[in-house]
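Listing of work.json; format and content: JSON, C-alpha atoms.
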[["chain", "number", "residue", "atom", "x", "y", "z"],
["A", 210, "MET", "CA", 89.00, 196.92, -27.34],
["A", 211, "ASN", "CA", 92.50, 197.23, -25.91],
["A", 212, "ASP", "CA", 93.48, 200.91, -26.02],
["A", 213, "GLU", "CA", 97.15, 200.24, -25.27],
["A", 214, "ALA", "CA", 99.38, 201.34, -28.13],
["A", 215, "VAL", "CA", 100.49, 198.41, -30.28],
["A", 216, "LEU", "CA", 103.15, 200.50, -32.03],
["A", 217, "LEU", "CA", 105.39, 202.94, -30.19],
["A", 218, "SER", "CA", 107.24, 205.73, -31.96],
["A", 219, "SER", "CA", 110.00, 207.98, -30.67],
["A", 220, "ASP", "CA", 112.49, 210.40, -32.23],
["A", 221, "ARG", "CA", 116.08, 211.23, -31.29],
["A", 222, "ASP", "CA", 118.49, 213.32, -33.37],
["A", 223, "GLY", "CA", 117.05, 212.34, -36.73],
["A", 224, "VAL", "CA", 116.48, 208.69, -35.76],
["A", 225, "ARG", "CA", 112.94, 207.35, -35.48],
["A", 226, "THR", "CA", 112.44, 204.20, -33.43],
["A", 227, "LEU", "CA", 109.36, 202.10, -34.15],
["A", 228, "THR", "CA", 108.69, 199.48, -31.47],
["A", 229, "LEU", "CA", 106.23, 196.62, -31.93],
["A", 230, "ASN", "CA", 104.40, 196.64, -28.62],
["A", 231, "ARG", "CA", 102.53, 193.41, -28.00],
["A", 232, "PRO", "CA", 104.98, 191.76, -25.59],
["A", 233, "GLU", "CA", 102.33, 189.42, -24.19],
["A", 234, "CYS", "CA", 102.46, 187.50, -27.52],
["A", 235, "LYS", "CA", 106.06, 188.25, -28.48],
["A", 236, "ASN", "CA", 104.87, 191.13, -30.65],
["A", 237, "ALA", "CA", 102.81, 189.03, -33.04],
["A", 238, "LEU", "CA", 101.34, 191.23, -35.76],
["A", 239, "ASN", "CA", 97.56, 191.48, -35.58],
["A", 240, "ALA", "CA", 95.29, 193.44, -37.94],
["A", 241, "ARG", "CA", 95.67, 196.66, -35.98],
["A", 242, "LEU", "CA", 99.45, 196.44, -35.81],
["A", 243, "TRP", "CA", 99.78, 195.65, -39.52],
["A", 244, "VAL", "CA", 97.77, 198.76, -40.40],
["A", 245, "GLU", "CA", 99.53, 201.05, -37.92],
["A", 246, "LEU", "CA", 102.96, 199.85, -39.01],
["A", 247, "ALA", "CA", 102.17, 200.43, -42.69],
["A", 248, "ASP", "CA", 100.84, 203.91, -41.89],
["A", 249, "ALA", "CA", 103.93, 204.75, -39.80],
["A", 250, "LEU", "CA", 106.29, 203.63, -42.57],
["A", 251, "ARG", "CA", 104.39, 205.56, -45.24],
["A", 252, "ASP", "CA", 104.39, 208.69, -43.04],
["A", 253, "LEU", "CA", 108.18, 208.50, -42.90],
["A", 254, "LYS", "CA", 108.39, 209.17, -46.63],
["A", 255, "ARG", "CA", 107.03, 212.67, -45.99],
["A", 256, "ASP", "CA", 109.16, 213.48, -42.93],
["A", 257, "ARG", "CA", 112.47, 215.02, -44.03],
["A", 258, "ASP", "CA", 113.64, 215.34, -40.41],
["A", 259, "VAL", "CA", 113.96, 211.55, -40.07],
["A", 260, "ARG", "CA", 117.25, 210.28, -41.50],
["A", 261, "ALA", "CA", 117.38, 206.74, -40.12],
["A", 262, "VAL", "CA", 114.81, 204.26, -38.81],
["A", 263, "LEU", "CA", 115.21, 201.66, -36.09],
["A", 264, "LEU", "CA", 112.67, 198.83, -35.93],
["A", 265, "THR", "CA", 112.50, 196.68, -32.81],
["A", 266, "GLY", "CA", 110.17, 194.83, -30.47],
["A", 267, "ALA", "CA", 109.15, 195.25, -26.85],
["A", 268, "GLY", "CA", 109.60, 192.80, -24.01],
["A", 269, "GLY", "CA", 112.68, 190.92, -25.15],
["A", 270, "ALA", "CA", 111.37, 189.63, -28.48],
["A", 271, "PHE", "CA", 111.42, 191.07, -31.98],
["A", 272, "CYS", "CA", 108.33, 189.50, -33.55],
["A", 273, "SER", "CA", 106.78, 186.03, -33.48],
["A", 274, "GLY", "CA", 105.11, 186.57, -36.87],
["A", 275, "ALA", "CA", 101.52, 187.13, -37.84],
["A", 276, "ASP", "CA", 98.97, 186.67, -35.06],
["A", 277, "ILE", "CA", 96.92, 183.63, -36.05],
["A", 278, "ALA", "CA", 94.97, 183.49, -32.78],
["A", 279, "GLY", "CA", 91.27, 184.28, -33.05],
["A", 280, "GLY", "CA", 89.12, 184.61, -36.13],
["A", 281, "GLU", "CA", 88.49, 187.55, -38.39],
["A", 282, "ASP", "CA", 85.60, 187.76, -40.83],
["A", 283, "VAL", "CA", 87.73, 189.08, -43.67],
["A", 284, "HIS", "CA", 88.70, 187.47, -46.97],
["A", 285, "PRO", "CA", 92.28, 186.12, -46.69],
["A", 286, "ARG", "CA", 93.36, 188.21, -49.69],
["A", 287, "TYR", "CA", 92.56, 191.39, -47.75],
["A", 288, "LYS", "CA", 94.65, 190.12, -44.85],
["A", 289, "LEU", "CA", 97.58, 189.54, -47.21],
["A", 290, "ASP", "CA", 97.15, 193.06, -48.60],
["A", 291, "ARG", "CA", 98.09, 194.37, -45.15],
["A", 292, "LEU", "CA", 101.34, 192.42, -45.32],
["A", 293, "THR", "CA", 102.01, 193.75, -48.82],
["A", 294, "ASP", "CA", 101.49, 197.31, -47.60],
["A", 295, "VAL", "CA", 104.10, 196.86, -44.85],
["A", 296, "ALA", "CA", 106.66, 195.05, -47.02],
["A", 297, "LEU", "CA", 106.52, 197.62, -49.81],
["A", 298, "ALA", "CA", 106.50, 200.64, -47.48],
["A", 299, "LEU", "CA", 109.59, 199.29, -45.70],
["A", 300, "HIS", "CA", 111.42, 198.39, -48.91],
["A", 301, "GLU", "CA", 110.68, 201.74, -50.56],
["A", 302, "LEU", "CA", 111.85, 203.91, -47.66],
["A", 303, "ALA", "CA", 114.65, 206.19, -48.83],
["A", 304, "VAL", "CA", 116.29, 206.39, -45.41],
["A", 305, "PRO", "CA", 118.46, 203.58, -44.00],
["A", 306, "THR", "CA", 116.66, 201.08, -41.75],
["A", 307, "ILE", "CA", 117.97, 198.91, -38.92],
["A", 308, "ALA", "CA", 116.30, 195.92, -37.29],
["A", 309, "LYS", "CA", 117.32, 195.36, -33.66],
["A", 310, "VAL", "CA", 116.46, 191.74, -32.94],
["A", 311, "THR", "CA", 116.34, 190.45, -29.40],
["A", 312, "GLY", "CA", 114.65, 187.13, -28.74],
["A", 313, "VAL", "CA", 112.70, 185.50, -31.57],
["A", 314, "ALA", "CA", 112.12, 186.65, -35.13],
["A", 315, "VAL", "CA", 109.80, 184.09, -36.68],
["A", 316, "GLY", "CA", 107.88, 183.81, -39.95],
["A", 317, "ALA", "CA", 106.69, 187.20, -41.11],
["A", 318, "GLY", "CA", 108.56, 188.64, -38.13],
["A", 319, "TRP", "CA", 111.86, 187.39, -39.50],
["A", 320, "ASN", "CA", 111.06, 188.65, -42.99],
["A", 321, "LEU", "CA", 110.17, 192.01, -41.48],
["A", 322, "ALA", "CA", 113.70, 192.17, -40.04],
["A", 323, "LEU", "CA", 115.21, 191.02, -43.35],
["A", 324, "GLY", "CA", 113.33, 193.84, -45.08],
["A", 325, "CYS", "CA", 115.54, 196.29, -43.18],
["A", 326, "ASP", "CA", 118.90, 197.35, -44.57],
["A", 327, "LEU", "CA", 120.90, 196.17, -41.55],
["A", 328, "VAL", "CA", 120.13, 193.60, -38.84],
["A", 329, "VAL", "CA", 121.68, 193.53, -35.37],
["A", 330, "ALA", "CA", 120.96, 190.57, -33.09],
["A", 331, "THR", "CA", 122.05, 189.13, -29.76],
["A", 332, "PRO", "CA", 123.49, 185.64, -29.18],
["A", 333, "GLU", "CA", 120.13, 184.67, -27.69],
["A", 334, "SER", "CA", 118.20, 185.61, -30.86],
["A", 335, "ARG", "CA", 116.45, 182.81, -32.73],
["A", 336, "PHE", "CA", 115.14, 182.79, -36.30],
["A", 337, "CYS", "CA", 112.70, 180.56, -38.17],
["A", 338, "GLN", "CA", 110.79, 180.56, -41.45],
["A", 339, "ILE", "CA", 108.01, 178.79, -39.61],
["A", 340, "PHE", "CA", 105.39, 178.89, -42.37],
["A", 341, "SER", "CA", 105.45, 175.21, -43.42],
["A", 342, "LYS", "CA", 104.93, 174.13, -39.81],
["A", 343, "ARG", "CA", 101.67, 176.09, -39.91],
["A", 344, "GLY", "CA", 100.61, 174.63, -43.26],
["A", 345, "LEU", "CA", 101.41, 177.91, -45.00],
["A", 346, "SER", "CA", 103.76, 179.15, -47.70],
["A", 347, "VAL", "CA", 106.35, 181.87, -47.20],
["A", 348, "ASP", "CA", 105.14, 185.49, -47.22],
["A", 349, "LEU", "CA", 106.08, 189.12, -46.40],
["A", 350, "GLY", "CA", 108.60, 189.08, -49.21],
["A", 351, "GLY", "CA", 110.57, 186.07, -48.01],
["A", 352, "SER", "CA", 110.41, 184.41, -51.43],
["A", 353, "TRP", "CA", 112.15, 187.49, -52.89],
["A", 354, "LEU", "CA", 114.50, 188.36, -50.03],
["A", 355, "LEU", "CA", 115.95, 185.00, -49.07],
["A", 356, "PRO", "CA", 117.27, 183.83, -52.48],
["A", 357, "LYS", "CA", 118.96, 187.21, -52.93],
["A", 358, "LEU", "CA", 120.58, 187.05, -49.50],
["A", 359, "VAL", "CA", 121.61, 183.39, -49.22],
["A", 360, "GLY", "CA", 121.10, 181.82, -52.65],
["A", 361, "LEU", "CA", 118.30, 179.55, -53.83],
["A", 362, "GLN", "CA", 119.43, 176.31, -52.17],
["A", 363, "GLN", "CA", 119.84, 177.76, -48.68],
["A", 364, "ALA", "CA", 116.58, 179.70, -49.09],
["A", 365, "LYS", "CA", 114.79, 176.43, -49.85],
["A", 366, "ARG", "CA", 116.41, 174.77, -46.86],
["A", 367, "LEU", "CA", 115.29, 177.52, -44.50],
["A", 368, "VAL", "CA", 111.74, 177.69, -45.87],
["A", 369, "LEU", "CA", 110.94, 174.03, -46.60],
["A", 370, "LEU", "CA", 112.37, 172.58, -43.39],
["A", 371, "ALA", "CA", 111.48, 175.56, -41.18],
["A", 372, "ASP", "CA", 114.34, 174.83, -38.79],
["A", 373, "MET", "CA", 115.04, 177.26, -35.97],
["A", 374, "ILE", "CA", 118.54, 178.71, -36.31],
["A", 375, "ASP", "CA", 120.58, 180.73, -33.87],
["A", 376, "ALA", "CA", 122.20, 184.14, -34.32],
["A", 377, "ASP", "CA", 125.62, 182.72, -35.15],
["A", 378, "GLU", "CA", 124.25, 180.65, -38.05],
["A", 379, "ALA", "CA", 122.13, 183.56, -39.25],
["A", 380, "HIS", "CA", 125.25, 185.74, -39.17],
["A", 381, "ALA", "CA", 127.30, 183.14, -41.06],
["A", 382, "LEU", "CA", 124.59, 183.01, -43.74],
["A", 383, "GLY", "CA", 124.56, 186.79, -44.10],
["A", 384, "LEU", "CA", 121.07, 187.17, -42.62],
["A", 385, "VAL", "CA", 122.35, 189.11, -39.59],
["A", 386, "THR", "CA", 124.85, 191.94, -40.03],
["A", 387, "TRP", "CA", 126.21, 191.99, -36.46],
["A", 388, "VAL", "CA", 125.77, 189.91, -33.32],
["A", 389, "LYS", "CA", 126.20, 191.89, -30.07],
["A", 390, "THR", "CA", 125.68, 190.85, -26.47],
["A", 391, "THR", "CA", 122.60, 192.00, -24.60],
["A", 392, "ASP", "CA", 124.75, 194.48, -22.70],
["A", 393, "GLU", "CA", 126.27, 195.87, -25.92],
["A", 394, "ILE", "CA", 123.40, 195.97, -28.38],
["A", 395, "ASP", "CA", 121.63, 199.17, -27.27],
["A", 396, "ALA", "CA", 124.75, 201.33, -27.40],
["A", 397, "PHE", "CA", 125.91, 199.69, -30.64],
["A", 398, "VAL", "CA", 122.59, 200.26, -32.39],
["A", 399, "ASP", "CA", 122.34, 203.85, -31.14],
["A", 400, "ASP", "CA", 125.80, 204.61, -32.51],
["A", 401, "LEU", "CA", 125.00, 202.87, -35.80],
["A", 402, "ALA", "CA", 121.76, 204.84, -36.19],
["A", 403, "ASP", "CA", 123.58, 208.09, -35.39],
["A", 404, "ARG", "CA", 126.22, 207.35, -38.03],
["A", 405, "LEU", "CA", 123.54, 206.73, -40.65],
["A", 406, "ALA", "CA", 121.52, 209.79, -39.62],
["A", 407, "SER", "CA", 124.59, 212.01, -39.93],
["A", 408, "GLY", "CA", 125.37, 210.79, -43.45],
["A", 409, "PRO", "CA", 124.46, 212.61, -46.68],
["A", 410, "PRO", "CA", 120.72, 211.87, -46.93],
["A", 411, "PHE", "CA", 120.29, 212.23, -50.68],
["A", 412, "ALA", "CA", 123.42, 210.22, -51.49],
["A", 413, "LEU", "CA", 122.47, 207.44, -49.06],
["A", 414, "ALA", "CA", 118.96, 207.29, -50.52],
["A", 415, "GLN", "CA", 120.37, 206.98, -54.01],
["A", 416, "SER", "CA", 122.89, 204.31, -53.01],
["A", 417, "LYS", "CA", 120.17, 202.31, -51.25],
["A", 418, "ALA", "CA", 117.94, 202.45, -54.33],
["A", 419, "LEU", "CA", 120.84, 201.51, -56.63],
["A", 420, "LEU", "CA", 121.71, 198.50, -54.49],
["A", 421, "ASN", "CA", 118.08, 197.38, -54.26],
["A", 422, "ASP", "CA", 117.74, 197.58, -58.03],
["A", 423, "GLY", "CA", 121.21, 196.25, -58.83],
["A", 424, "ALA", "CA", 120.34, 192.60, -58.25],
["A", 425, "ASN", "CA", 117.66, 192.76, -60.93],
["A", 426, "VAL", "CA", 119.48, 194.52, -63.78],
["A", 427, "THR", "CA", 122.47, 193.90, -66.03],
["A", 428, "LEU", "CA", 125.85, 195.49, -65.39],
["A", 429, "ARG", "CA", 125.24, 197.88, -68.27],
["A", 430, "GLU", "CA", 121.92, 198.95, -66.75],
["A", 431, "ALA", "CA", 123.48, 199.32, -63.29],
["A", 432, "LEU", "CA", 126.24, 201.54, -64.67],
["A", 433, "ALA", "CA", 123.67, 203.66, -66.50],
["A", 434, "ASN", "CA", 121.64, 204.03, -63.29],
["A", 435, "GLU", "CA", 124.77, 205.09, -61.40],
["A", 436, "ALA", "CA", 125.62, 207.63, -64.07],
["A", 437, "ARG", "CA", 122.15, 209.14, -63.81],
["A", 438, "ALA", "CA", 122.26, 209.24, -60.00],
["A", 439, "GLN", "CA", 125.67, 210.79, -59.43],
["A", 440, "PRO", "CA", 124.99, 214.27, -60.92],
["A", 441, "GLY", "CA", 122.18, 214.70, -58.40],
["A", 442, "ASN", "CA", 124.71, 214.38, -55.59],
["A", 443, "PHE", "CA", 126.90, 217.11, -57.08],
["A", 444, "ALA", "CA", 123.85, 219.36, -57.06],
["A", 445, "THR", "CA", 123.55, 219.19, -53.27],
["A", 446, "ALA", "CA", 125.56, 221.13, -50.73],
["A", 447, "ASP", "CA", 126.82, 217.84, -49.31],
["A", 448, "SER", "CA", 129.35, 217.19, -52.05],
["A", 449, "ALA", "CA", 131.09, 220.54, -51.56],
["A", 450, "GLU", "CA", 130.81, 220.14, -47.78],
["A", 451, "ALA", "CA", 132.57, 216.77, -47.94],
["A", 452, "TYR", "CA", 135.50, 218.17, -49.94],
["A", 453, "ALA", "CA", 135.78, 221.25, -47.71],
["A", 454, "ALA", "CA", 135.67, 219.16, -44.54],
["A", 455, "PHE", "CA", 138.35, 216.84, -45.91],
["A", 456, "ALA", "CA", 140.61, 219.80, -46.67],
["A", 457, "ALA", "CA", 139.97, 221.25, -43.21],
["A", 458, "LYS", "CA", 140.48, 217.85, -41.54],
["A", 459, "LYS", "CA", 137.11, 217.94, -39.81],
["A", 460, "ASP", "CA", 133.88, 215.96, -39.92],
["A", 461, "PRO", "CA", 131.39, 217.11, -42.57],
["A", 462, "GLU", "CA", 127.90, 218.26, -41.64],
["A", 463, "PHE", "CA", 125.53, 216.87, -44.24],
["A", 464, "THR", "CA", 122.11, 218.41, -44.83],
["A", 465, "GLY", "CA", 120.97, 217.17, -48.23],
["A", 466, "ARG", "CA", 120.26, 220.78, -49.19],
["A", 467, "TRP", "CA", 119.82, 221.50, -52.90],
["A", 468, "ALA", "CA", 122.60, 223.86, -53.95],
["A", 469, "VAL", "CA", 121.70, 224.73, -57.54],
["A", 470, "SER", "CA", 120.16, 228.14, -58.17],
["A", 471, "PRO", "CA", 116.71, 227.92, -59.77],
["A", 472, "PRO", "CA", 116.35, 229.10, -63.37],
["A", 473, "GLY", "CA", 115.97, 232.85, -63.69],
["A", 474, "SER", "CA", 117.60, 233.59, -60.33],
["A", 475, "GLU", "CA", 120.81, 234.96, -61.91],
["A", 476, "GLN", "CA", 121.31, 238.65, -62.40],
["A", 477, "ARG", "CA", 121.15, 239.45, -66.12]]
Could you rewrite the structure in this file as structure tokens?
Amino acid sequence: MNDEAVLLSSDRDGVRTLTLNRPECKNALNARLWVELADALRDLKRDRDVRAVLLTGAGGAFCSGADIAGGEDVHPRYKLDRLTDVALALHELAVPTIAKVTGVAVGAGWNLALGCDLVVATPESRFCQIFSKRGLSVDLGGSWLLPKLVGLQQAKRLVLLADMIDADEAHALGLVTWVKTTDEIDAFVDDLADRLASGPPFALAQSKALLNDGANVTLREALANEARAQPGNFATADSAEAYAAFAAKKDPEFTGRWAVSPPGSEQR
């Protein structure tokens, strides 16, 4: 068994970077990497020190999809459960997520990037919903993500034809948020992650959840959800901090700290 880490994790100023580390196969996701990635994403839900997540790949590629090399004596449904675990753990993360895509993002690898809140690529990046060329149907949430991002017709074009597209086309379709040169991307992504990590954590989490849910509800339901969410923000120290910082003409320092006294704490 190869003891080399298939998933690398590092922390910097509230930003956790998860790096797919199988560069010899363009970071294809094998059974071990699926499980470790799901575990790492679930662990993030319990770590209040992490306020933004950066997902990337080693060796000049993001991810070439699921590793189909070699056999595994496991029922296919159990294999797909690993994908489900990753897709749901990523989608349900409260903190903002960024995919830094260099090189290829193919099949499940592309849908892994699309599962992040923001995607930054280089001009050399290439994207493909390769499933039909492997005799497979779309997975890792692509059937849910793509129609929401590009509309049903373009989603069908990308999935049924499985054409490789470049970063400029992906950007024009709204599947990449920014395209930065290889020389620019590291600094750009670091600054972006820092900006997200310094934001009001509870408010960002609520906004992310509202946006994720908004596509599936009526306007009336969305407004009701917003009305329920907003009072929670006023109950944190961040709301008062934002107003005070504005008045003082300085940058706010957000903590997400709960600022309401518990019942019975008042002097009577």
How close does stretch 389-410 of chain A get to stretch 311-334 of chain A? List, as a tab-separated table, each residue of stretch 389-410 of chain A within 10 Å, its nearest atom pair and the distance in Å to one decimal, counting all atoms listed in the file.
residue	atom	partner	partner_atom	distance
A:Lys389	CA	A:Thr331	CA	5.0
A:Thr390	CA	A:Thr331	CA	5.2
A:Thr391	CA	A:Thr331	CA	5.9
A:Asp392	CA	A:Thr331	CA	9.3
A:Glu393	CA	A:Thr331	CA	8.8
A:Ile394	CA	A:Thr331	CA	7.1
A:Asp395	CA	A:Val329	CA	9.9
A:Phe397	CA	A:Val329	CA	8.8
A:Val398	CA	A:Val329	CA	7.4
A:Leu401	CA	A:Leu327	CA	9.7
Within 12 Å of stretch 417-434 of chain A using only C-alpha atoms, minus same-chain residues under 2 positions, as an mmCIF file with C-alpha atoms, in the coordinates of the input:
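For reference, out_37.cif as written:
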data_model
loop_
_atom_site.group_PDB
_atom_site.id
_atom_site.type_symbol
_atom_site.label_atom_id
_atom_site.label_comp_id
_atom_site.auth_asym_id
_atom_site.auth_seq_id
_atom_site.Cartn_x
_atom_site.Cartn_y
_atom_site.Cartn_z
ATOM 1 C CA HIS A 300 111.420 198.390 -48.910
ATOM 2 C CA GLU A 301 110.680 201.740 -50.560
ATOM 3 C CA LEU A 302 111.850 203.910 -47.660
ATOM 4 C CA ALA A 303 114.650 206.190 -48.830
ATOM 5 C CA VAL A 304 116.290 206.390 -45.410
ATOM 6 C CA PRO A 305 118.460 203.580 -44.000
ATOM 7 C CA THR A 306 116.660 201.080 -41.750
ATOM 8 C CA GLY A 324 113.330 193.840 -45.080
ATOM 9 C CA CYS A 325 115.540 196.290 -43.180
ATOM 10 C CA ASP A 326 118.900 197.350 -44.570
ATOM 11 C CA LEU A 327 120.900 196.170 -41.550
ATOM 12 C CA TRP A 353 112.150 187.490 -52.890
ATOM 13 C CA LEU A 354 114.500 188.360 -50.030
ATOM 14 C CA PRO A 356 117.270 183.830 -52.480
ATOM 15 C CA LYS A 357 118.960 187.210 -52.930
ATOM 16 C CA LEU A 358 120.580 187.050 -49.500
ATOM 17 C CA LEU A 405 123.540 206.730 -40.650
ATOM 18 C CA PRO A 410 120.720 211.870 -46.930
ATOM 19 C CA PHE A 411 120.290 212.230 -50.680
ATOM 20 C CA ALA A 412 123.420 210.220 -51.490
ATOM 21 C CA LEU A 413 122.470 207.440 -49.060
ATOM 22 C CA ALA A 414 118.960 207.290 -50.520
ATOM 23 C CA GLN A 415 120.370 206.980 -54.010
ATOM 24 C CA ALA A 436 125.620 207.630 -64.070
ATOM 25 C CA ARG A 437 122.150 209.140 -63.810
ATOM 26 C CA ALA A 438 122.260 209.240 -60.000
ATOM 27 C CA GLN A 439 125.670 210.790 -59.430
ATOM 28 C CA PRO A 440 124.990 214.270 -60.920
ATOM 29 C CA GLY A 441 122.180 214.700 -58.400
#
Contacts of stretch 253-270 of chain A at 6 Å or less, counting all atoms listed in the file, minus same-chain residues fewer than 6 places along, as a list in words?
Gly223, Val224, Arg225, Thr226, Leu227, Thr228, Leu229, Asn230, Pro232, Lys235, Val304, Pro305, Thr306, Ile307, Ala308, Lys309, Thr311, Gly312, Val313 and Ala406 of chain A
Need to verify the contact set: A:Val347, 12 Å, only C-alpha atoms, exclusion of same-chain residues closer than 4 positions in sequence. Can you return it as a PyMOL selection string?
chain A and resi 274-275+289+292+315-320+337-343+351-355+364-365+367-371
State, in Å with one decimal place, the distance from atom CA of A:Asp400 to atom CA of A:Leu246.
24.2 Å
One decimal, Å: what's the distance from atom CA of A:Asp348 over to atom CA of A:Gln362, could you say?
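Interatomic distance here is 17.7 Å.
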State, in Å with one decimal place, the distance from atom CA of A:Thr386 to atom CA of A:Gly360.
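Spanning atom CA of A:Thr386 to atom CA of A:Gly360 is a straight-line distance of 16.6 Å.
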Place a sphere of radius 8 Å on (104.7, 201.6, -46.2) in the file coordinates and name every protein, DNA or RNA residue with an atom inside or on its surface, counting all atoms listed in the file; give the answer as a PDB file with C-alpha atoms, in the frame of the given file.
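Full text of result_33.pdb as output:
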ATOM      1  CA  LEU A 246     102.960 199.850 -39.010  1.00  0.00           C
ATOM      2  CA  ALA A 247     102.170 200.430 -42.690  1.00  0.00           C
ATOM      3  CA  ASP A 248     100.840 203.910 -41.890  1.00  0.00           C
ATOM      4  CA  ALA A 249     103.930 204.750 -39.800  1.00  0.00           C
ATOM      5  CA  LEU A 250     106.290 203.630 -42.570  1.00  0.00           C
ATOM      6  CA  ARG A 251     104.390 205.560 -45.240  1.00  0.00           C
ATOM      7  CA  ASP A 252     104.390 208.690 -43.040  1.00  0.00           C
ATOM      8  CA  ASP A 294     101.490 197.310 -47.600  1.00  0.00           C
ATOM      9  CA  VAL A 295     104.100 196.860 -44.850  1.00  0.00           C
ATOM     10  CA  ALA A 296     106.660 195.050 -47.020  1.00  0.00           C
ATOM     11  CA  LEU A 297     106.520 197.620 -49.810  1.00  0.00           C
ATOM     12  CA  ALA A 298     106.500 200.640 -47.480  1.00  0.00           C
ATOM     13  CA  LEU A 299     109.590 199.290 -45.700  1.00  0.00           C
ATOM     14  CA  HIS A 300     111.420 198.390 -48.910  1.00  0.00           C
ATOM     15  CA  GLU A 301     110.680 201.740 -50.560  1.00  0.00           C
ATOM     16  CA  LEU A 302     111.850 203.910 -47.660  1.00  0.00           C
TER      17      LEU A 302
END
Taking all atoms listed in the file into account, which of A:Trp243, A:His284, A:Pro409, A:Glu233 comes nearest A:Asn442?
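Of A:Trp243, A:His284, A:Pro409, A:Glu233, the one nearest A:Asn442 is A:Pro409, counting all atoms listed in the file.
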Close residues, A:Asp276 itself excluded, 6 Å, all atoms listed in the file, min 4 positions apart in chain, as a list in words:
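My list of contacting residues is Ala237, Leu238 and Asn239 of chain A.
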Report the centre and edge lengths, in Å to one decimal, of an axis-aligned box enclosing every atom of stretch 393-412 of chain A listed in the file, padded by 6 Å on each side, as lines of an AutoDock Vina configuration file.
center_x = 123.3
center_y = 204.2
center_z = -38.7
size_x = 18.0
size_y = 28.7
size_z = 37.6
